[in-house]
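For reference, the structure discussed in these notes is given below.
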There are 2 protein chains.
Amino acid sequence: MMNNSGKTAQARHDRRTQALLDAQFELQEAKKHAVLVVIAGSDGAGKGAVANRLYDRLDAHYVETLYYGAPSEDERLRPPFWRYWRDLPAKGRIGLVLGGWHHAPLLDRATGEMDEDEFKTALADINSFEQMLIAEGVALVKIWLAADEKKARKRLEALREEDGALRRPVVVEWDEIDTKKERKRLAKAGLEMAEASVGGAPWTVIPADDENQRDEAAAQALLEALTRLNAKTGKPTAKMTPAGKAPVKFPVPQLDLSLKADEATYAEELDALQDRLTQATTGKRFRKRGLVLVFEGNDAAGKGGAIRRVRAALDPRQFRVHGTSAPSDEEKARPYLWRFWRNLPRRGHVAIFDRSWYGRVLVERVEGFATETDWRRAYGEIVDFERQIAEDDFAVVKFWLSISLDEQMRRFKAREETAIKRYKITPEDWRNRDKWAAYETAMAEMIARTSTDFAPWTLVEAEDKYFARLKVLRTIVARLERFD
Amino acid sequence: MMNNSGKTAQARHDRRTQALLDAQFELQEAKKHAVLVVIAGSDGAGKGAVANRLYDRLDAHYVETLYYGAPSEDERLRPPFWRYWRDLPAKGRIGLVLGGWHHAPLLDRATGEMDEDEFKTALADINSFEQMLIAEGVALVKIWLAADEKKARKRLEALREEDGALRRPVVVEWDEIDTKKERKRLAKAGLEMAEASVGGAPWTVIPADDENQRDEAAAQALLEALTRLNAKTGKPTAKMTPAGKAPVKFPVPQLDLSLKADEATYAEELDALQDRLTQATTGKRFRKRGLVLVFEGNDAAGKGGAIRRVRAALDPRQFRVHGTSAPSDEEKARPYLWRFWRNLPRRGHVAIFDRSWYGRVLVERVEGFATETDWRRAYGEIVDFERQIAEDDFAVVKFWLSISLDEQMRRFKAREETAIKRYKITPEDWRNRDKWAAYETAMAEMIARTSTDFAPWTLVEAEDKYFARLKVLRTIVARLERFD
């Protein structure tokens with residue numbers, strides 16, 4: 001028989017379950033946000049059990065578990081965050097994260113593999129990633145299950161002895177921690193992480209010794225996040241230009257468009273550069289590296305032609321050319337960088353992006369497809385993205401191909417005279433000419449804000465196609481030959 | 001200086017390039033078909049070079065190379081054809097396949113790993129796969145490069161000595177073949193494969209000793225395929241019921257819907273079964289297996305409730321529940337089974353499909369969303385699909401949950417009385433009741449045609465929810481406990 005307080009608790013539990021289901025349904029219908037519930041904490045505190053209880057109280061059709069153990073072969077061939085990006089749930093869905101991105105840094109710090117400074121950097125990376133998710137409409141519910149150490153260890157031992165006979169998944173994250181010193185360092189690192197996350201996506205620390213209270217607290221944390229999300233009508237639209245501060249004007253880089261290649265030696269030079277590119281992208285050394293190429297520039301500046309000359313030097317098994325057309329609905333349901341993360345090459349491979357993530361700060365800015373808040377934060381997000389690729393030993397080489405308005409007019413007219421449909425000039429192409437100045441402003445700011453040591457922009461004088469192609473190839477080859 | 005015949009050849013080459021680009025543009029605009037160009041043949045015959053020359057003559061933005069070497073970890077954890085499915089290009093695109101699905105059987109036959117009978121079975125599997133692709137609008141251009149053996153070997157050696165210094169990718173498929181006996185067996189197996197493919201997707205054998213002729217012949221084969229595709233206005237719509245032959249009527253299975261579980265012992269039995277399910281899906285043994293569950297049945301038959309009881313016994317890291325709602329546009333651009341292939345679980349995991357690929361022969365048949373030709377061929381395609389999963393040591397367990405029209409009415413009304421939005425009964429649900437007989441006919445044929453030894457249907461009397469849940473769990477547990 002249940003006593004009165006038991007009945008009250010049961011009623012509260014049922015009401016909360018009902019509210020959770022309703023809130024999940026709204027989330028799913030609106031398809032404006034995704035939710036990631038990160039479940040972390042001491043081993044034996046009940047991470048798996050909390051996930052299971054959440055499943056019991058949700059519609060499992062729209063829930064997925066994102067569990068990360070030791071990286072697989074496919075994962076090792078890409079930057080560390082690739083797997084978290086790959087698995088981002090679509091809007092309307094809830095992901096339960098076990099063994100997430102916090103795990104490796106904490107473990108490495110505890111074992112001493114990482115020193116204090118590296119750990120701080122790792123925390124900063126996590127914060128950037130999470131800030132970006134939040135800004136893109138992914139809500140984060142980060143639960144840290146805090147258990148009495150001795151009790152947790154006992155519970156864990158008991159669970160293990162049962163050998164999976166009971167429905168109690170055992171999520172073990174900290175098996176490698178066994179000395180007192182490591183445990184102490186883990187606790188300290190955990191505290192630091194918690195402090196670093198305040199103001200961003202803070203951890204909710206939940207006492208885990210009482211199972212019922214633990215599960216209710218986790219459910220309540222999710223419910224509150226869902227309620228907040230459902231109360232929002234959309235993404236924030238506030239402009240971010242600080243009051244009283246005029247936007248910074250970046251000088252438009254001035255290029256010498258009269259630069260020309262010597263026609264007599266062009267073919268020969270091209271051939272020699274292509275040979276060097278082949279050489280640099282084959283063989284054992286390149287297997288541990290990779291190459292990410294970005295082509296941006298004025299319409300009709302000759303991106304396609306330059307890409308053809310690069311591609312021809314590559315083994316067809318190792319490259320892919322990505323045109324950046326309208327995103328698919330699976331891409332639209334996720335943060336804008338997702339489609340580029342999913343197209344990152346494996347090690348030993350080359351990805352060529354014909355237009356790229358820079359669309360965010362170029363066309364989306366100029367055409368007003370992104371709010372100012374969104375394109376402004378994109379600079380930092382893009383730099384972060386490229387840094388992660390570069391740190392994973394991929395070369396990131398970016399080109400801006402420039403032509404003059406006059407030359408563009410000549411090329412448009414030439415295309416119109418060619419009968420071939422696929423060279424059709426659209427009314428949009430003509431309209432873009434009117435926005436030349438707006439694109440120049442956007443370009444100037446982009447170059448200034450996203451040219452980094454690890455992923456610098458190369459401006460290409462493209463009035464002469466031959467000159468442009470040789471410069472592109474020369475730049476790539478020089479960069480690859482710098483790999484030691 | 002070019003002589004006259006050289007000039008004519010060059011002009012022909014240019015015309016063909018132009019025609020190829022135009023045809024590719026049409027393919028890409030129409031987005032009705034995808035093309036796979038399988039490039040195979042002797043080592044040294046120029047497989048990589050042919051791929052490269054095709055890239056030179058196409059718009060690389062809509063081309064991708066599908067290269068298969070030794071399977072990766074992710075690939076080994078799924079049925080062998082999974083990787084070919086995963087990579088199917090979207091409609092409008094061209095895939096160049098190197099080291100495709102023909103490779104492993106040929107190699108295994110040549111080395112004697114496979115005997116004659118196994119090889120024949122493998123060829124039949126390839127044919128089924130290719131037939132299905134074709135029926136789904138994927139055109140296959142299969143090119144076999146036949147080279148004089150000695151010349152090819154010499155060319156290969158020369159290429160290898162160049163050590164990747166020139167733009168000549170070396171695609172080596174038959175490195176493991178080195179005895180005379182094996183070479184002979186490879187040649188014989190190749191012939192058999194060519195013969196077996198006639199009438200289906202035949203190989204175009206191209207003499208490879210003259211590079212120019214070889215490349216032109218390959219381009220011509222692709223051009224012809226594109227021209228044929230572009231001439232088609234859509235998918236074939238012809239009905240397939242043979243004239244003068246009345247469609248077979250399959251008897252509707254009669255179930256005893258009065259079956260009930262004992263309410264007094266239900267909770268206890270459920271608990272015991274869930275424990276056994278946990279036991280069967282944890283531990284070392286299951287890591288080499290996997291489980292694919294399919295739930296179909298009348299609307300409101302209790303699929304969701306049964307799934308909940310199964311799910312609750314599983315580790316949240318190892319399962320995913322797939323609701324089968326409208327396909328995404330990436331899914332629509334590929335054969336209908338693609339979305340299910342992409343959701344197949346890794347080994348050691350469980351996929352629960354709430355409605356499934358059987359939609360093709362149920363709702364799509366009844367509502368006329370698929371042509372008769374399409375849903376008729378689906379029976380064989382589905383059996384093939386499930387056989388491949390089962391042969392890879394996954395258990396495939398399929399349930400049809402049955403209730404009476406009266407019980408359905410009671411449940412609909414009960415749902416309408418519940419205030420919760422997510423239980424909303426749609427007008428469609430009511431309309432489906434009018435089609436009860438049509439669904440029964442479709443169900444009867446489906447059960448008859450797709451119940452196999454390796455993936456049998458279990459019919460579940462679901463008038464009593466408790467009975468249904470216990471039967472579902474009992475069936476799964478019994479199947480898993482049969483794993484040796």
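In the structure tokens, each chain is lettered A, B, ... as it comes, each chain's residues begin at 1, and ligands are numbered from 1 in order of appearance.
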Q: May I have all residues of range 220-467 of chain A that DSSP, computed from the backbone, assigns to strand (DSSP E), given as a ChimeraX atom specification?
A: /A:290-297,319-323,350-354,394-402,457-461
Q.
Need the shell around Arg334 in chain B: protein/DNA/RNA residues with any atom at most 7 Å away, counting only C-alpha atoms. Skip same-chain ones fewer than 2 positions apart. Format as a VMD selection string?
A. chain B and resid 90 to 91 331 to 332 336 338
Q | Å distance separating CA of Val198 in chain A from CA of Gln131 in chain A, one decimal place | A |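 Going from CA of Val198 in chain A over to CA of Gln131 in chain A covers 11.8 Å.
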Q.
Ranking A:Arg155, A:Arg365, A:Arg410, A:Arg76 by minimum distance to chain B and counting only C-alpha atoms, which one comes first?
A. A:Arg76
Q. B:Val205, B:Ala60, B:Leu293, B:Leu191: which is nearest chain A, counting only C-alpha atoms?
A.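 Between B:Val205, B:Ala60, B:Leu293, B:Leu191, the residue approaching chain A most closely is B:Ala60.
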(Q) I want to know what sits within 7 Å of Ala189 in chain B, based on only C-alpha atoms, with residues of the same chain fewer than 3 positions away left out; could you give that as number ranges by chain? (A) B: 106, 109, 185-186, 192-193
Since we have the selection now, will you write its residues out, keeping N, CA and C atoms, as a PDB file, in the first residue's frame?
```
ATOM      1  N   LEU B 106      34.689 -12.066 -57.849  1.00  0.00           N
ATOM      2  CA  LEU B 106      35.662 -12.473 -58.876  1.00  0.00           C
ATOM      3  C   LEU B 106      36.978 -12.891 -58.229  1.00  0.00           C
ATOM      4  N   ARG B 109      36.601 -16.126 -56.322  1.00  0.00           N
ATOM      5  CA  ARG B 109      36.502 -17.277 -57.217  1.00  0.00           C
ATOM      6  C   ARG B 109      37.877 -17.623 -57.789  1.00  0.00           C
ATOM      7  N   ARG B 185      41.458 -18.980 -63.789  1.00  0.00           N
ATOM      8  CA  ARG B 185      40.156 -19.003 -63.127  1.00  0.00           C
ATOM      9  C   ARG B 185      39.507 -17.624 -63.137  1.00  0.00           C
ATOM     10  N   LEU B 186      40.328 -16.566 -63.009  1.00  0.00           N
ATOM     11  CA  LEU B 186      39.789 -15.212 -63.055  1.00  0.00           C
ATOM     12  C   LEU B 186      39.170 -14.940 -64.428  1.00  0.00           C
ATOM     13  N   GLU B 192      31.979 -15.869 -67.178  1.00  0.00           N
ATOM     14  CA  GLU B 192      30.710 -16.293 -66.575  1.00  0.00           C
ATOM     15  C   GLU B 192      29.896 -15.095 -66.124  1.00  0.00           C
ATOM     16  N   MET B 193      30.590 -14.161 -65.489  1.00  0.00           N
ATOM     17  CA  MET B 193      29.912 -12.964 -65.006  1.00  0.00           C
ATOM     18  C   MET B 193      29.315 -12.188 -66.176  1.00  0.00           C
TER      19      MET B 193
END
```
Q: Just the alpha helix (DSSP H) stuff from range 146-367 of chain B, please, per backbone DSSP, written as a ChimeraX atom specification.
A: /B:149-162,180-197,211-231,263-281,284-287,303-311,329-332,338-341,363-366
**Q.** Separation of CA of Tyr67 in chain B from CA of Gly99 in chain B in Å
**A.** 5.9 Å
